[in-house]
Structures are given as C-alpha cells and as structure tokens.
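J.: Below is the structure I would like to discuss, written out as structure tokens.
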Amino acid sequence: MDARAEATPVTDPTRVQALEEKLRDFEKRLTQVEQQVAEDKVAIVVFSGDLDRVLAAFIIGTGAAAMGQQVSMFFTFWGLSVLKKDRQLSEKTLFQRMMTLMTPGSSRSLPVSQMNYFGVGAKMLRSMMKEKNVNSLEEMIALARELGVRMIACEMSRDLMGIKESELIAGLECGGVASFLADSLKSRTSLFI
Amino acid sequence: MSQAFDKLLDARGLNCPMPLVNARKEIGKLELGQVLKVMATDRGSIADFQGWAKVAKNMQLVAQETESTEGANVYVHYVKRTA
C-alpha cells in the first residue's frame, strides 16, 4: 500500500490537507518525544554528611564527569556540612547556634557512617586513604570543580539549619527541589546518597 | 604488543577514579585520531576504561594489555581520540 501511494501522486485536495495535518501532528509528537529523551546527565543528591558516603558521591560524580556526563550535585541537610568553610555563631537563634556547634564545621571534620568513635574512625579512614594514595575528600571536591561538576546548595535546608551563605565555600549555586528535578528528569542516572 | 601511540600517561600508583579522570584530561589535548597510552596499577581500570568506551562519544578503546614489571602488574590502555 505504501509503495502504491508513493507511485501515484495524491491530487485530491482534501486528502492532501488530511496528510498535511497528519504530518504536523507527527512533528508535534516528535518534538514532545525529543523533549523527554534523557541527556548525558547525572544528578546526585548528597543528603548525608558522612565522610564515606560523601566520598562515594564524589567518586561517582567525578568519574561520570570524566566519562563525558554533565553532573549536578545537590547538597541538602547534613550534606551541607561538606560545603562549609567555617562556623559562624552571630545572628543565629539558640537552636541554630546549637545546630552549628553540633554539626561539622567543615568537610575536614565529617564523621564516618560506621565505627566513628567520636572522630577516631574518620581520622583512621583518612590516614588509610593517604597510605593507599586514594584522593582525599578535599582533593575530590577540587577535582569536581575542575571537571565542571555543578554544586547546588539547597536553599530551604540551608536556611532551616541556620547556615549562612558566608559559612559556605564560594562558587555554589543555590536552588530547591525544582532545580534538582529539572536536572534529574533529564538525567539517565539519579542518586540519593 | 607494539601498539603505536602519540602520548604517554603514567597513572601508576593512582586509584579510582584518577586514571580515568587524568586520561580524560589528556585525551582532550590530543589531535583527532591520535592515541594515548595509559599505564595504571589500579586493577579496576580495566573495566573502567571499557565502561568509558561504551558511553564515550569522543574516544575509542583501541587495545588493552597487562604488563608484568618487577613482579607488579601494569594495566595498559590505548585510547584514541575520535571527536
């Protein structure tokens, strides 16, 4: 049937019109499909502030970036500690001050998720990593930057926990759930760590 | 055995993901069609480079071999820039 349609040109104007309409409909649907196709992107939520988990997040992030993926890392709740450069207590409520004192002041003082023993476990892991020539978390953060990994600090949890923007390292983007989802929905891989 | 290459990257002693990351940086400096030889001691790099080749649009894994020098294994990857 297709071959015959090709052989005899359609001259009936109503049929031509019907075909044109069909074509326009196909074009519209094609654009819709194209908009839904995943891109070479990876979206990672870093919820945890545990050294081991965060390291895993950065290894996946930098690895994906090296493989040519566009990587976005969203830091929220305890994960925000990774991005802290120092502590600030002024202009905070009592609870916020308590939160500031009870959470790590920077990536250097993150605990490990197992066997932390008041920080001894984290120190041990760091020294074992050094011995095995595994990059430190701080080196991984710098590497992620260099590879163009986008780092987004969640505005809501930052504000809730009373973390000032001046307590965080420079060069971060700020965003909310929609900015994560906008990336995640276009990504082939989304992780929650 | 004697695969030709244009540039050598020594990633021996480095751990995941550094051989991959450094190779990615180096391959960007090559001309199209040139080959980068990567030497690594990370055993995982064999599978890592194969994985990279599967998704990469700008490179091709030409060859992989394992050399034994002074009792230690060195994993060698030949990566060609294609775009």
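Naming works like this for the structure tokens: A, B, ... for the chains as they're shown, residue 1 at the start of each chain, ligands 1 onward in shown order.
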If DSSP is run on the backbone, what residues of chain B are alpha helix (DSSP H)? A reply as a list in words would be ideal.

T.: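 The alpha helix (DSSP H) subset of chain B is Met18, Pro19, Leu20, Val21, Asn22, Ala23, Arg24, Lys25, Glu26, Ile27, Ser45, Ile46, Ala47, Asp48, Phe49, Gln50, Gly51, Trp52, Ala53, Lys54 and Val55 of chain B.
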
J.: Just the residues within 9 Å of stretch 74-76 of chain B, please, counting only C-alpha atoms, with nothing from its chain fewer than 2 positions along; format it as a list in words.

T.: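 Contacts, with the query itself left out: Arg12, Lys37, Val38, Met39, Ala40, Thr41, Asp42, Arg43, Ser45, Ile46, Ala63, Gln64, Glu65, Thr66, Glu67, Ser68, Thr69, Ala72 and Tyr78 of chain B.
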
J.: Keeping only C-alpha atoms, write those residues as an mmCIF file, in the first residue's frame.

T.:
data_model
loop_
_atom_site.group_PDB
_atom_site.id
_atom_site.type_symbol
_atom_site.label_atom_id
_atom_site.label_comp_id
_atom_site.auth_asym_id
_atom_site.auth_seq_id
_atom_site.Cartn_x
_atom_site.Cartn_y
_atom_site.Cartn_z
ATOM 1 C CA ARG B 12 50.728 4.181 38.086
ATOM 2 C CA LYS B 37 48.790 5.197 26.135
ATOM 3 C CA VAL B 38 47.750 4.985 29.788
ATOM 4 C CA MET B 39 49.735 2.961 32.294
ATOM 5 C CA ALA B 40 47.907 2.158 35.524
ATOM 6 C CA THR B 41 48.338 -0.094 38.533
ATOM 7 C CA ASP B 42 44.662 0.108 39.531
ATOM 8 C CA ARG B 43 43.173 -3.260 38.552
ATOM 9 C CA SER B 45 40.946 0.475 35.471
ATOM 10 C CA ILE B 46 40.496 -2.428 33.010
ATOM 11 C CA ALA B 63 43.687 -2.050 22.910
ATOM 12 C CA GLN B 64 44.307 -3.175 26.473
ATOM 13 C CA GLU B 65 47.148 -5.273 27.793
ATOM 14 C CA THR B 66 48.687 -6.305 31.076
ATOM 15 C CA GLU B 67 52.423 -5.987 31.546
ATOM 16 C CA SER B 68 54.318 -7.552 34.391
ATOM 17 C CA THR B 69 57.262 -5.462 35.503
ATOM 18 C CA ALA B 72 53.848 -5.844 39.757
ATOM 19 C CA TYR B 78 45.338 2.611 24.401
#

J.: Measuring atom to atom with only C-alpha atoms, identify which of A:Ile169, A:Val149, A:Met99, A:Val120 is nearest to A:Val42.

T.: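 The shortest atom-to-atom distance to A:Val42 comes from A:Val149.
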
J.: May I ask for the distance between atom CA of A:Leu147 and atom CA of A:Ala65, given in Å to one decimal place?

T.: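 For atom CA of A:Leu147 relative to atom CA of A:Ala65, the distance reads 6.3 Å.
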
J.: Starting from chain A, keep only residues with some atom at most 12 Å from an atom of chain B, counting only C-alpha atoms, and report them as a count of residues only.

T.: 33

J.: Using DSSP assignments from the backbone, pull out every residue in stretch 15-156 of chain A that falls under strand (DSSP E or B) and give it to me as a list in words.

T.: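 Reading the DSSP output for stretch 15-156 of chain A, strand (DSSP E or B) covers Lys41, Val42, Ala43, Ile44, Val45, Val46, Gln70, Val71, Ser72, Met73, Phe74, Phe75, Lys84, Arg150, Met151, Ile152, Ala153 and Cys154 of chain A.
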
J.: Which residues, written as a ChimeraX atom specification, have at least one atom at most 9 Å from B:Lys7, with only C-alpha atoms counted and residues fewer than 5 positions away on the same chain left out?

T.: /B:26,30,34-38

J.: How would the residues just picked look written out with C-alpha atoms as a PDB file, in the first residue's frame?

T.:
ATOM      1  CA  GLU B  26      44.965  14.192  28.433  1.00  0.00           C
ATOM      2  CA  LEU B  30      45.379  15.157  21.548  1.00  0.00           C
ATOM      3  CA  GLN B  34      45.916  10.309  17.950  1.00  0.00           C
ATOM      4  CA  VAL B  35      46.369   7.602  20.554  1.00  0.00           C
ATOM      5  CA  LEU B  36      47.052   7.987  24.276  1.00  0.00           C
ATOM      6  CA  LYS B  37      48.790   5.197  26.135  1.00  0.00           C
ATOM      7  CA  VAL B  38      47.750   4.985  29.788  1.00  0.00           C
TER       8      VAL B  38
END

J.: With distances taken over only C-alpha atoms, which residue among A:Leu23, A:Leu51, A:Met156, A:Ala43 lies nearest A:Ser81?

T.: A:Leu51

J.: May I have the residues within 8 Å of A:Glu138 as a PyMOL selection string, using only C-alpha atoms and disregarding those fewer than 3 positions away in the same chain?

T.: chain A and resi 107-108+141-142

J.: Write a file of the selected residues as a short mmCIF file (atom, residue, chain, number, x, y, z; two decimals), in the first residue's frame, keeping N, CA and C atoms.

T.:
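Listed below is the output, again08.cif:
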data_model
loop_
_atom_site.label_atom_id
_atom_site.label_comp_id
_atom_site.auth_asym_id
_atom_site.auth_seq_id
_atom_site.Cartn_x
_atom_site.Cartn_y
_atom_site.Cartn_z
N SER A 107 34.35 20.24 55.79
CA SER A 107 34.48 18.88 55.26
C SER A 107 35.54 18.08 56.02
N ARG A 108 36.50 18.79 56.62
CA ARG A 108 37.61 18.11 57.32
C ARG A 108 37.16 17.39 58.58
N ILE A 141 36.76 17.32 45.92
CA ILE A 141 35.91 18.50 45.73
C ILE A 141 36.57 19.43 44.70
N ALA A 142 37.87 19.64 44.85
CA ALA A 142 38.60 20.49 43.91
C ALA A 142 38.55 19.90 42.50
#
